[in-house]
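Data block for target00.cif (mmCIF, C-alpha atoms):
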```cif
data_query
#
loop_
_atom_site.label_atom_id
_atom_site.label_comp_id
_atom_site.auth_asym_id
_atom_site.auth_seq_id
_atom_site.Cartn_x
_atom_site.Cartn_y
_atom_site.Cartn_z
CA MET A 1 -0.79 15.87 -22.33
CA HIS A 2 -3.98 15.02 -20.47
CA THR A 3 -6.19 18.03 -19.66
CA SER A 4 -5.98 17.35 -15.90
CA THR A 5 -2.18 17.04 -15.80
CA PRO A 6 -1.50 20.72 -14.96
CA PHE A 7 -4.12 20.70 -12.19
CA LEU A 8 -2.74 17.54 -10.61
CA ALA A 9 0.81 18.94 -10.80
CA ARG A 10 -0.37 22.14 -9.06
CA ALA A 11 -2.19 20.03 -6.47
CA ALA A 12 1.09 18.22 -5.76
CA GLU A 13 2.75 21.59 -5.26
CA ALA A 14 -0.03 22.70 -2.91
CA ALA A 15 0.18 19.43 -0.94
CA MET A 16 3.92 19.99 -0.51
CA ASN A 17 3.74 23.65 0.46
CA MET A 18 0.70 23.37 2.71
CA GLY A 19 2.00 20.14 4.24
CA ALA A 20 5.25 21.82 5.24
CA ASP A 21 3.12 24.41 7.08
CA GLY A 22 1.15 21.75 8.97
CA TYR A 23 -1.88 21.27 6.72
CA ARG A 24 -3.03 17.92 5.36
CA LEU A 25 -4.79 17.31 2.06
CA LEU A 26 -8.17 15.72 2.78
CA HIS A 27 -9.84 15.69 -0.61
CA LEU A 28 -8.99 16.44 -4.21
CA ASP A 29 -11.67 16.55 -6.90
CA ILE A 30 -10.29 16.67 -10.43
CA PRO A 31 -13.53 17.42 -12.33
CA THR A 32 -14.29 20.49 -10.17
CA ARG A 33 -10.62 21.39 -9.60
CA ARG A 34 -11.09 21.60 -5.81
CA LEU A 35 -8.73 20.84 -2.97
CA THR A 36 -9.66 20.58 0.71
CA PHE A 37 -7.05 20.84 3.47
CA THR A 38 -7.23 20.59 7.25
CA ASP A 39 -4.94 22.13 9.86
CA THR A 40 -3.08 19.37 11.74
CA GLY A 41 -2.00 21.72 14.52
CA THR A 42 1.63 20.67 14.14
CA VAL A 43 4.47 21.35 11.74
CA PRO A 44 6.05 18.11 10.49
CA GLU A 45 9.73 17.32 10.40
CA PRO A 46 11.44 18.01 7.07
CA GLY A 47 11.59 15.10 4.70
CA VAL A 48 14.46 12.81 3.85
CA PHE A 49 15.52 12.55 0.23
CA PRO A 50 18.04 10.17 -1.36
CA HIS A 51 18.83 12.84 -4.00
CA GLY A 52 19.07 16.40 -2.70
CA SER A 53 18.49 18.21 0.55
CA PRO A 54 15.14 19.41 1.95
CA GLN A 55 16.12 22.97 0.97
CA GLN A 56 16.76 21.94 -2.64
CA VAL A 57 13.56 19.90 -2.81
CA ALA A 58 11.58 22.89 -1.50
CA ASP A 59 12.59 24.75 -4.68
CA ARG A 60 10.07 24.15 -7.46
CA ALA A 61 12.60 24.81 -10.23
CA TRP A 62 15.03 22.28 -8.72
CA ARG A 63 12.29 19.61 -8.54
CA ALA A 64 11.44 20.13 -12.19
CA HIS A 65 14.89 18.82 -13.18
CA HIS A 66 15.80 16.38 -10.40
CA ASP A 67 14.50 13.19 -8.84
CA TRP A 68 12.97 14.38 -5.58
CA GLN A 69 11.26 11.15 -4.51
CA PRO A 70 11.01 11.16 -0.70
CA ALA A 71 12.59 8.40 1.34
CA PRO A 72 10.17 5.96 3.02
CA GLU A 73 10.57 7.64 6.42
CA SER A 74 9.54 11.07 5.09
CA PRO A 75 6.32 12.62 6.44
CA PRO A 76 3.02 11.63 4.81
CA TYR A 77 2.51 15.06 3.23
CA LEU A 78 5.64 14.52 1.12
CA GLN A 79 4.49 11.04 0.11
CA MET A 80 1.17 12.62 -0.91
CA ALA A 81 2.91 15.33 -2.95
CA TRP A 82 5.05 12.68 -4.67
CA LEU A 83 2.00 10.50 -5.38
CA LEU A 84 0.15 13.40 -7.01
CA ASP A 85 3.19 14.59 -8.94
CA ASP A 86 3.93 11.12 -10.32
CA MET A 87 0.28 10.42 -11.12
CA SER A 88 0.04 13.66 -13.09
CA THR A 89 2.53 12.21 -15.57
CA TRP A 90 0.45 9.03 -16.07
CA LEU A 91 -3.06 10.45 -16.58
CA ALA A 92 -2.91 10.19 -20.38
CA ASP A 93 -1.66 6.59 -20.22
CA LEU A 94 -4.45 5.67 -17.80
CA SER A 95 -7.10 7.28 -20.00
CA GLN A 96 -5.89 5.24 -22.99
CA ILE A 97 -6.95 2.09 -21.12
CA GLN A 98 -10.33 3.63 -20.11
CA VAL A 99 -9.21 4.38 -16.53
CA THR A 100 -10.00 7.84 -15.19
CA VAL A 101 -8.57 9.36 -12.02
CA ASP A 102 -11.36 11.46 -10.48
CA GLY A 103 -9.54 12.58 -7.37
CA LEU A 104 -8.28 11.55 -4.00
CA ALA A 105 -9.67 11.15 -0.49
CA ALA A 106 -7.47 11.03 2.61
CA PRO A 107 -9.73 10.52 5.63
CA GLU A 108 -6.74 9.37 7.70
CA PRO A 109 -3.23 10.86 7.74
CA ASP A 110 -1.53 7.48 7.16
CA TRP A 111 -3.16 6.51 3.85
CA CYS A 112 -5.28 7.82 1.00
CA ASP A 113 -7.63 6.51 -1.65
CA VAL A 114 -7.07 7.41 -5.29
CA LEU A 115 -10.59 7.68 -6.73
CA ILE A 116 -10.70 5.80 -10.03
CA ARG A 117 -13.24 4.89 -12.69
CA ASP A 118 -12.37 1.74 -14.60
CA GLY A 119 -14.91 1.99 -17.41
CA ASP A 120 -18.17 2.40 -15.48
CA THR A 121 -16.85 0.89 -12.24
CA ARG A 122 -15.86 3.27 -9.44
CA LEU A 123 -12.96 2.09 -7.28
CA GLN A 124 -10.69 3.43 -4.57
CA ALA A 125 -7.00 2.49 -4.86
CA ARG A 126 -5.66 2.66 -1.28
CA VAL A 127 -2.05 3.86 -0.89
CA GLN A 128 0.06 3.89 2.28
CA LEU A 129 1.55 7.33 3.10
CA ALA A 130 3.04 6.85 6.59
CA ASP A 131 5.19 4.16 8.14
CA ARG A 132 6.52 3.08 4.77
CA SER A 133 9.28 0.49 4.54
CA GLU A 134 9.95 1.10 0.83
CA PRO A 135 9.87 4.23 -1.36
CA LEU A 136 6.64 5.03 -3.16
CA ASP A 137 7.96 3.98 -6.57
CA PHE A 138 6.14 5.11 -9.70
CA PRO A 139 2.56 4.83 -8.37
CA GLY A 140 1.01 6.12 -11.61
CA MET A 141 2.81 3.50 -13.67
CA LEU A 142 1.86 0.74 -11.23
CA LEU A 143 -1.81 1.76 -11.38
CA ARG A 144 -1.69 1.77 -15.17
CA ASP A 145 -0.11 -1.68 -15.24
CA LEU A 146 -2.51 -3.15 -12.66
CA PHE A 147 -5.58 -1.98 -14.55
CA ALA A 148 -4.23 -2.60 -18.07
CA GLU A 149 -3.27 -6.16 -17.19
CA GLY A 150 -6.45 -6.84 -15.16
CA ARG A 151 -4.47 -7.45 -11.96
CA ALA A 152 -6.22 -4.80 -9.84
CA SER A 153 -8.95 -7.29 -8.89
CA ARG A 154 -6.35 -9.33 -6.96
CA TYR A 155 -6.17 -6.53 -4.40
CA ILE A 156 -9.88 -5.98 -3.76
CA ALA A 157 -10.31 -5.60 0.01
CA ASP A 158 -12.25 -8.31 1.84
CA ASP A 159 -14.46 -5.76 3.59
CA SER A 160 -15.23 -3.57 0.56
CA PRO A 161 -15.56 -4.58 -3.09
CA LYS A 162 -14.80 -0.99 -4.15
CA VAL A 163 -11.40 -0.74 -2.44
CA VAL A 164 -8.28 -1.91 -4.24
CA ASP A 165 -5.94 -2.10 -1.25
CA LEU A 166 -2.43 -1.43 -2.50
CA ARG A 167 -0.87 -0.56 0.86
CA ALA A 168 1.26 -3.71 0.77
CA VAL A 169 2.13 -3.24 -2.92
CA LEU A 170 2.82 0.47 -3.38
#
```
Let me see the structure of the file written as structure tokens.
Amino acid sequence: MHTSTPFLARAAEAAMNMGADGYRLLHLDIPTRRLTFTDTGTVPEPGVFPHGSPQQVADRAWRAHHDWQPAPESPPYLQMAWLLDDMSTWLADLSQIQVTVDGLAAPEPDWCDVLIRDGDTRLQARVQLADRSEPLDFPGMLLRDLFAEGRASRYIADDSPKVVDLRAVL
């Protein structure tokens, strides 16, 4: 297990619980173990889940043993919680290929940037959280595969060489 796995799993839990109360995760810093939230002023609708009801998914013990992946139309806070939860399981695999996840920045409610170091290169992998047409399937595994196979460079944004724009992929 990677040393940051428990922190990222707890961050996913915080994103879910705080999100249900109308807060949005703005920034996550893995090295310092800090999370920053903002009050959105509204309480989102409950999520939609292909497996289980919102009440079941709200139960931490239930999620530990069941697939709780949110449907594409679920609120962004649930997509964020799923992203963090899934990524926590892939940290060790990413570190084996010299890729480090340093955190996450979500300056807008509709997307976020996973802050990554690929060797000495700092990148931001942009992920769509709102208005999804497909489920957010195994984002940690996709990041590992993109970087391990050298395919991440295909998605470098035209306006920023540090952004790997995966909004159309993930």
Each segment 63-132 of chain A residue no farther than 12 Å from segment 16-30 of chain A, nearest pair in Å, all atoms listed in the file, as a Markdown table:
```
| residue | atom | partner | partner_atom | distance |
| --- | --- | --- | --- | --- |
| A:Arg63 | CA | A:Met16 | CA | 11.6 |
| A:Trp68 | CA | A:Met16 | CA | 11.8 |
| A:Pro70 | CA | A:Met16 | CA | 11.3 |
| A:Ser74 | CA | A:Ala20 | CA | 11.6 |
| A:Pro75 | CA | A:Gly19 | CA | 8.9 |
| A:Pro76 | CA | A:Gly19 | CA | 8.6 |
| A:Tyr77 | CA | A:Gly19 | CA | 5.2 |
| A:Leu78 | CA | A:Met16 | CA | 6.0 |
| A:Gln79 | CA | A:Met16 | CA | 9.0 |
| A:Met80 | CA | A:Met16 | CA | 7.9 |
| A:Ala81 | CA | A:Met16 | CA | 5.4 |
| A:Trp82 | CA | A:Met16 | CA | 8.5 |
| A:Leu83 | CA | A:Met16 | CA | 10.8 |
| A:Leu84 | CA | A:Met16 | CA | 10.0 |
| A:Asp85 | CA | A:Met16 | CA | 10.0 |
| A:Ser88 | CA | A:Ile30 | CA | 11.1 |
| A:Leu91 | CA | A:Ile30 | CA | 11.3 |
| A:Thr100 | CA | A:Ile30 | CA | 10.0 |
| A:Val101 | CA | A:Ile30 | CA | 7.7 |
| A:Asp102 | CA | A:Ile30 | CA | 5.3 |
| A:Gly103 | CA | A:Asp29 | CA | 4.5 |
| A:Leu104 | CA | A:Leu28 | CA | 4.9 |
| A:Ala105 | CA | A:His27 | CA | 4.5 |
| A:Ala106 | CA | A:Leu26 | CA | 4.7 |
| A:Pro107 | CA | A:Leu26 | CA | 6.1 |
| A:Glu108 | CA | A:Leu26 | CA | 8.2 |
| A:Pro109 | CA | A:Arg24 | CA | 7.5 |
| A:Asp110 | CA | A:Arg24 | CA | 10.7 |
| A:Trp111 | CA | A:Leu26 | CA | 10.5 |
| A:Cys112 | CA | A:Leu26 | CA | 8.6 |
| A:Asp113 | CA | A:His27 | CA | 9.5 |
| A:Val114 | CA | A:Leu28 | CA | 9.3 |
| A:Leu115 | CA | A:Asp29 | CA | 8.9 |
| A:Ile116 | CA | A:Ile30 | CA | 10.9 |
| A:Leu129 | CA | A:Arg24 | CA | 11.8 |
```
Using all atoms listed in the file for the distances, tell me which of A:Ala58, A:Met141, A:Val99, A:Leu166 is nearest to Ala125 of chain A.
A:Leu166
Just the residues within 12 Å of Arg144 of chain A, please, counting all atoms listed in the file, with nothing from its chain fewer than 5 positions along; format it as a ChimeraX atom specification.
/A:86-87,89-101,116,118,125,138-139,149-152
Using all atoms listed in the file: which of A:Val164, A:Pro72, A:Phe147, A:Arg154 has the shortest distance to Ala130 of chain A
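Result for the nearest residue to Ala130 of chain A: A:Pro72.
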Best match for closeness to Gly140 of chain A among A:Leu170, A:Ser53, A:Arg34, A:Glu73, counting only C-alpha atoms:
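Ranking A:Leu170, A:Ser53, A:Arg34, A:Glu73 by distance to Gly140 of chain A, first place goes to A:Leu170.
Of the residues listed (A:Val48, A:Met1, A:Leu136, A:Val127), A:Val127 shows the shortest atom-to-atom separation from Asp165 of chain A; distances use all atoms listed in the file.
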Using the file's own x, y and z axes, what box holds all listed atoms of segment 134-144 of chain A with 5 Å on each side, keeping edges along x, y and z, and what are its centre and edge lengths in Å to one decimal, as AutoDock Vina command-line options?
```
--center_x 4.1 --center_y 3.4 --center_z -7.2 --size_x 21.8 --size_y 15.4 --size_z 26.0
```
To one decimal in Å, tell me the separation between atom CA of Asp159 of chain A and atom CA of Asp137 of chain A.
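Computed distance, atom CA of Asp159 of chain A to atom CA of Asp137 of chain A, equals 26.5 Å.
Atom CA of Arg132 of chain A to atom CA of Ala64 of chain A spans 24.5 Å [interatomic distance, one decimal].
Between atom CA of Asp145 of chain A and atom CA of Thr3 of chain A lies a distance of 21.1 Å.
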If you apply the PyMOL selection byres ((chain A and resi 162) around 9) to this file, what residues do you get, as a ChimeraX atom specification?
/A:121-125,156-157,160-161,163-164
Who sits within 9 Å of His66 of chain A, all atoms listed in the file, same chain under 6 positions skipped, as a list in words:
His51, Gly52 and Val57 of chain A
